[in-house]
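*Asks:* This is the content of final_21.txt (compact mmCIF, C-alpha atoms):
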```
# COMPACT_ATOMS: atom_id res chain seq x y z
CA MET A 1 -6.06 16.00 0.75
CA TYR A 2 -2.71 14.68 -0.40
CA LEU A 3 -2.02 11.36 -2.13
CA ALA A 4 1.37 9.75 -2.80
CA ARG A 5 2.53 6.45 -4.28
CA LEU A 6 5.61 4.54 -3.10
CA VAL A 7 7.08 1.40 -4.66
CA LEU A 8 8.91 -0.46 -1.89
CA ASN A 9 12.12 -2.30 -2.70
CA PRO A 10 12.01 -5.90 -1.39
CA ARG A 11 15.83 -6.06 -1.48
CA ASN A 12 15.93 -3.47 1.30
CA ASN A 13 15.63 -5.14 4.70
CA GLY A 14 13.51 -2.34 6.15
CA ALA A 15 11.11 -2.32 3.22
CA ARG A 16 10.79 -6.11 3.25
CA GLY A 17 9.99 -6.04 6.96
CA ASP A 18 7.38 -3.32 6.45
CA LEU A 19 5.70 -5.29 3.67
CA ASP A 20 5.43 -8.23 6.07
CA SER A 21 4.02 -6.05 8.85
CA PRO A 22 1.58 -3.25 7.98
CA TYR A 23 1.83 -1.98 11.56
CA ASP A 24 5.58 -1.46 11.11
CA LEU A 25 4.90 0.16 7.73
CA HIS A 26 2.57 2.62 9.46
CA ARG A 27 5.35 3.55 11.91
CA THR A 28 7.74 4.12 9.00
CA LEU A 29 5.25 6.27 7.12
CA ASN A 30 4.75 8.42 10.21
CA ARG A 31 8.28 9.71 9.60
CA ALA A 32 6.74 11.73 6.77
CA TYR A 33 5.24 13.97 9.47
CA PRO A 34 8.08 15.44 11.56
CA GLY A 35 5.56 17.31 13.71
CA GLY A 36 3.61 14.15 14.40
CA GLU A 37 0.81 12.39 12.55
CA PRO A 38 -1.88 14.92 11.58
CA GLY A 39 -4.52 13.38 13.86
CA GLU A 40 -6.55 10.27 14.50
CA ASN A 41 -7.67 8.63 11.26
CA ARG A 42 -6.27 11.50 9.21
CA THR A 43 -3.52 9.39 7.61
CA LEU A 44 -4.46 6.33 5.60
CA PHE A 45 -2.39 3.84 3.62
CA ARG A 46 -2.80 0.61 1.68
CA ILE A 47 -0.51 -2.00 0.19
CA GLU A 48 -1.68 -2.61 -3.36
CA PRO A 49 -1.88 -6.07 -5.03
CA ASP A 50 -0.40 -4.71 -8.25
CA ARG A 51 2.66 -6.96 -8.45
CA PRO A 52 4.38 -9.86 -6.63
CA GLN A 53 6.00 -8.82 -3.37
CA ASP A 54 9.45 -9.89 -4.59
CA GLU A 55 9.18 -7.26 -7.38
CA GLY A 56 8.28 -4.41 -5.03
CA ARG A 57 4.75 -3.55 -3.95
CA THR A 58 3.04 -0.20 -4.38
CA VAL A 59 1.88 1.62 -1.24
CA LEU A 60 -0.70 4.42 -1.35
CA LEU A 61 -0.37 7.11 1.32
CA GLN A 62 -3.11 9.68 1.90
CA SER A 63 -3.35 12.50 4.44
CA SER A 64 -6.21 14.93 4.75
CA ASP A 65 -4.55 18.13 5.99
CA VAL A 66 -0.76 17.94 6.15
CA ARG A 67 1.44 17.41 3.11
CA PRO A 68 3.73 14.43 3.84
CA ASP A 69 7.47 15.02 3.56
CA LEU A 70 8.93 11.95 1.84
CA SER A 71 12.52 13.16 1.82
CA PHE A 72 13.32 10.70 4.63
CA LEU A 73 13.03 7.89 2.06
CA GLU A 74 16.31 8.96 0.48
CA ASN A 75 18.24 7.90 3.60
CA SER A 76 16.12 5.05 4.93
CA ALA A 77 18.10 2.30 6.62
CA GLY A 78 18.00 -1.35 5.67
CA GLY A 79 21.14 -2.05 3.71
CA PRO A 80 22.82 -0.65 0.60
CA GLU A 81 19.65 -0.97 -1.48
CA PRO A 82 17.23 2.01 -1.35
CA TYR A 83 13.99 1.65 0.61
CA CYS A 84 11.93 2.56 -2.49
CA HIS A 85 12.31 1.76 -6.17
CA ASP A 86 10.35 4.93 -6.85
CA TRP A 87 7.90 7.34 -5.27
CA SER A 88 5.78 10.25 -6.38
CA GLU A 89 5.70 13.67 -4.79
CA PRO A 90 2.45 14.02 -2.83
CA LYS A 91 -0.30 15.32 -5.10
CA GLU A 92 -2.99 17.61 -3.72
CA ILE A 93 -6.47 16.41 -4.59
CA ASP A 94 -9.83 18.09 -4.00
CA PRO A 95 -12.54 15.68 -5.18
CA SER A 96 -16.18 16.64 -5.57
CA PHE A 97 -19.15 14.44 -6.37
CA THR A 98 -22.74 14.65 -7.57
CA GLU A 99 -25.67 12.61 -6.35
CA GLY A 100 -26.25 9.60 -8.58
CA GLN A 101 -22.69 9.62 -9.94
CA GLN A 102 -21.17 6.16 -10.47
CA LEU A 103 -17.53 5.46 -9.65
CA ALA A 104 -15.24 2.45 -9.55
CA PHE A 105 -13.90 1.85 -6.05
CA ARG A 106 -11.41 -0.15 -4.05
CA LEU A 107 -11.50 -0.63 -0.29
CA LEU A 108 -9.41 -2.86 1.96
CA GLY A 109 -11.86 -3.50 4.77
CA ASN A 110 -11.57 -5.16 8.17
CA PRO A 111 -15.15 -6.48 8.54
CA THR A 112 -15.85 -7.11 12.21
CA LYS A 113 -18.55 -6.94 14.85
CA SER A 114 -18.26 -6.16 18.56
CA VAL A 115 -19.07 -8.96 21.00
CA ASP A 116 -18.56 -8.35 24.72
CA GLY A 117 -16.16 -5.53 23.94
CA LYS A 118 -14.07 -7.63 21.55
CA ARG A 119 -13.90 -7.35 17.77
CA ILE A 120 -14.86 -10.56 16.00
CA ALA A 121 -13.99 -11.10 12.33
CA LEU A 122 -16.89 -11.57 9.92
CA THR A 123 -15.43 -14.34 7.78
CA ASP A 124 -18.65 -15.60 6.15
CA GLU A 125 -19.22 -14.15 2.68
CA GLU A 126 -22.77 -13.03 3.42
CA ASP A 127 -21.62 -11.28 6.60
CA TYR A 128 -18.80 -9.33 5.02
CA TYR A 129 -21.08 -8.29 2.14
CA ASP A 130 -23.59 -7.05 4.72
CA TRP A 131 -20.78 -5.17 6.51
CA LEU A 132 -19.93 -3.34 3.29
CA GLU A 133 -23.59 -2.46 2.66
CA ARG A 134 -23.94 -1.05 6.18
CA LYS A 135 -20.80 1.03 5.84
CA ALA A 136 -21.95 2.32 2.45
CA SER A 137 -25.26 3.53 3.87
CA MET A 138 -23.35 5.42 6.60
CA HIS A 139 -20.78 6.94 4.27
CA GLY A 140 -22.67 8.47 1.36
CA PHE A 141 -22.89 5.74 -1.28
CA GLU A 142 -24.62 2.57 -2.40
CA VAL A 143 -22.83 -0.50 -3.73
CA ALA A 144 -23.83 -1.35 -7.30
CA TYR A 145 -21.61 -4.43 -7.22
CA ALA A 146 -18.45 -5.58 -5.47
CA HIS A 147 -15.94 -8.37 -6.01
CA PRO A 148 -14.44 -9.45 -2.66
CA THR A 149 -10.99 -10.94 -2.12
CA PRO A 150 -10.70 -12.24 1.48
CA PHE A 151 -7.40 -13.05 3.19
CA TRP A 152 -5.69 -12.90 6.58
CA ILE A 153 -2.90 -10.53 7.61
CA ASN A 154 -0.60 -12.26 10.11
CA GLY A 155 -3.06 -15.13 9.96
CA ASP A 156 -0.52 -17.89 9.43
CA GLN A 157 0.96 -17.62 12.91
CA GLU A 158 0.54 -20.37 15.46
CA ASP A 159 -2.25 -19.74 17.95
CA LYS A 160 -1.06 -17.73 20.91
CA ASP A 161 -2.61 -16.50 24.12
CA THR A 162 -1.15 -13.04 23.53
CA TYR A 163 0.28 -11.14 20.57
CA GLU A 164 2.53 -8.18 20.20
CA LYS A 165 0.59 -5.34 18.59
CA ARG A 166 2.42 -5.75 15.29
CA GLU A 167 1.50 -9.49 15.22
CA ILE A 168 -2.25 -9.25 15.75
CA PRO A 169 -4.06 -11.29 13.06
CA HIS A 170 -6.60 -9.30 11.02
CA PHE A 171 -9.19 -10.60 8.59
CA ALA A 172 -9.07 -8.50 5.42
CA VAL A 173 -11.42 -8.22 2.45
CA ARG A 174 -10.36 -6.22 -0.58
CA TYR A 175 -13.51 -4.98 -2.28
CA ASP A 176 -13.32 -3.92 -5.94
CA GLY A 177 -16.50 -2.73 -7.58
CA LEU A 178 -18.84 0.07 -8.59
CA LEU A 179 -20.66 2.48 -6.29
CA GLN A 180 -23.31 5.15 -6.71
CA VAL A 181 -23.06 8.42 -4.79
CA THR A 182 -26.00 9.12 -2.46
CA GLY A 183 -24.45 11.81 -0.27
CA PRO A 184 -21.73 13.84 -2.02
CA LYS A 185 -20.59 15.76 1.08
CA ARG A 186 -20.55 12.65 3.27
CA LEU A 187 -18.56 10.70 0.68
CA ARG A 188 -16.01 13.52 0.52
CA GLU A 189 -15.63 13.30 4.31
CA THR A 190 -15.31 9.52 4.09
CA LEU A 191 -12.35 9.79 1.74
CA ALA A 192 -10.54 11.81 4.39
CA SER A 193 -11.49 9.68 7.41
CA GLY A 194 -11.57 6.16 5.94
CA ILE A 195 -13.96 3.28 6.59
CA GLY A 196 -13.96 0.80 9.44
CA PRO A 197 -11.39 -0.20 12.10
CA ALA A 198 -7.67 -1.10 12.09
CA LYS A 199 -6.43 1.88 10.07
CA ALA A 200 -2.98 1.58 11.66
CA PHE A 201 -2.75 -1.82 9.92
CA GLY A 202 -3.49 -0.44 6.44
CA PHE A 203 -7.28 -0.71 6.38
CA GLY A 204 -9.94 1.83 5.51
CA LEU A 205 -8.56 3.78 2.54
CA LEU A 206 -11.30 4.20 -0.07
CA THR A 207 -10.08 5.06 -3.57
CA LEU A 208 -12.29 6.09 -6.46
CA ALA A 209 -11.91 6.34 -10.24
CA PRO A 210 -14.10 6.83 -13.30
CA PRO A 211 -15.78 3.54 -14.25
CA ARG A 212 -14.30 1.71 -17.22
```
What would you get if you wrote out this structure as structure tokens?
*Replies:*
Amino acid sequence: MYLARLVLNPRNNGARGDLDSPYDLHRTLNRAYPGGEPGENRTLFRIEPDRPQDEGRTVLLQSSDVRPDLSFLENSAGGPEPYCHDWSEPKEIDPSFTEGQQLAFRLLGNPTKSVDGKRIALTDEEDYYDWLERKASMHGFEVAYAHPTPFWINGDQEDKDTYEKREIPHFAVRYDGLLQVTGPKRLRETLASGIGPAKAFGFGLLTLAPPR
């Protein structure tokens, strides 16, 4: 797998638009793969809450098989200001885990359920905790604890009968916490494939670190 970090410049029109629309950001990031995106759910990204948007937000980009080519960032359009303040060359990572291992985690989830073929947001705290627990049991870990931060993406728009794809409101919960590995191989696969729906809108990337 490959992981890169980009710090988008809010004074660049293109970067500012992408920060406002994760779907547009996904289309921009696809330019890192001249031969096309490596495959369904093989590229994941997330906008981090590390700093105010007007200072430039960090974006994590992960792909499982193909090394992204970020050279296009040097000539990205959007005015005289560069698209990025800074970015790192993609780093190859090959994580391995042991059963019972504890790790700090972050996940931006889109907790939903399917009702009559439509996805319905799980906005009650108990429901989106249960969603995380169900996903954990499917993906090789147990949740020791999690601190949720719920919010809407594109959720401040007026109600409409129809939306353009880039405008679709999504309920998001950023989970920060501690997990325990129950299935090392399955967790390794989960890092590559992500968790839950709406990956084209910046959901599903699970990141892990040693607990503090």
*Asks:* What does the distance between atom CA of A:Val115 and atom CA of A:Arg186 come to in Å, to one decimal place?
*Replies:* 28.0 Å
*Asks:* Quick one: of A:Ala15, A:Val7, A:Ile168, A:Leu191, who's nearest to A:Glu81, counting only C-alpha atoms?
*Replies:*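 Checking each of A:Ala15, A:Val7, A:Ile168, A:Leu191 against A:Glu81, counting only C-alpha atoms, the winner is A:Ala15.
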*Asks:* Compare A:Pro95, A:Gly177, A:Gly17, A:Pro150 by their minimum atom-to-atom distance to A:Pro211, counting all atoms listed in the file, and give me the closest one.
*Replies:*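 For A:Pro211, the nearest of the given residues is A:Gly177.
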*Asks:* Go through A:Ala144, A:Ile195, A:Leu206, A:Leu61 one by one, measure the shortest atom-to-atom distance of each to A:Val181 using all atoms listed in the file, and give the residue with the smallest value.
*Replies:*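 Closest residue, counting all atoms listed in the file: A:Ala144.
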*Asks:* Expressed in Å to a single decimal, how great is the separation between atom CA of A:Asp20 and atom CA of A:Asp54?
*Replies:*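 Distance between the two atoms: 11.5 Å.
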*Asks:* Fewer than 2 positions away in the same chain doesn't count, so skip those; otherwise give me all residues within 6 Å of A:Ser63, counting all atoms listed in the file, as a PyMOL selection string.
*Replies:* chain A and resi 1-2+42-43+65
*Asks:* Which residues are near A:Gly100? Cut-off 9 Å, all atoms listed in the file, ignore same chain within fewer than 6 positions. Put them as a VMD selection string.
*Replies:* chain A and resid 141 180 to 183
*Asks:* Using all atoms listed in the file for the distances, tell me which of A:Arg134, A:Ile93, A:Val59, A:Thr149 is nearest to A:Leu208.
*Replies:*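 Between A:Arg134, A:Ile93, A:Val59, A:Thr149, the residue approaching A:Leu208 most closely is A:Ile93.
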*Asks:* Atom CA of A:Phe201 and atom CA of A:Thr123, how far apart in Å?
*Replies:* 17.9 Å
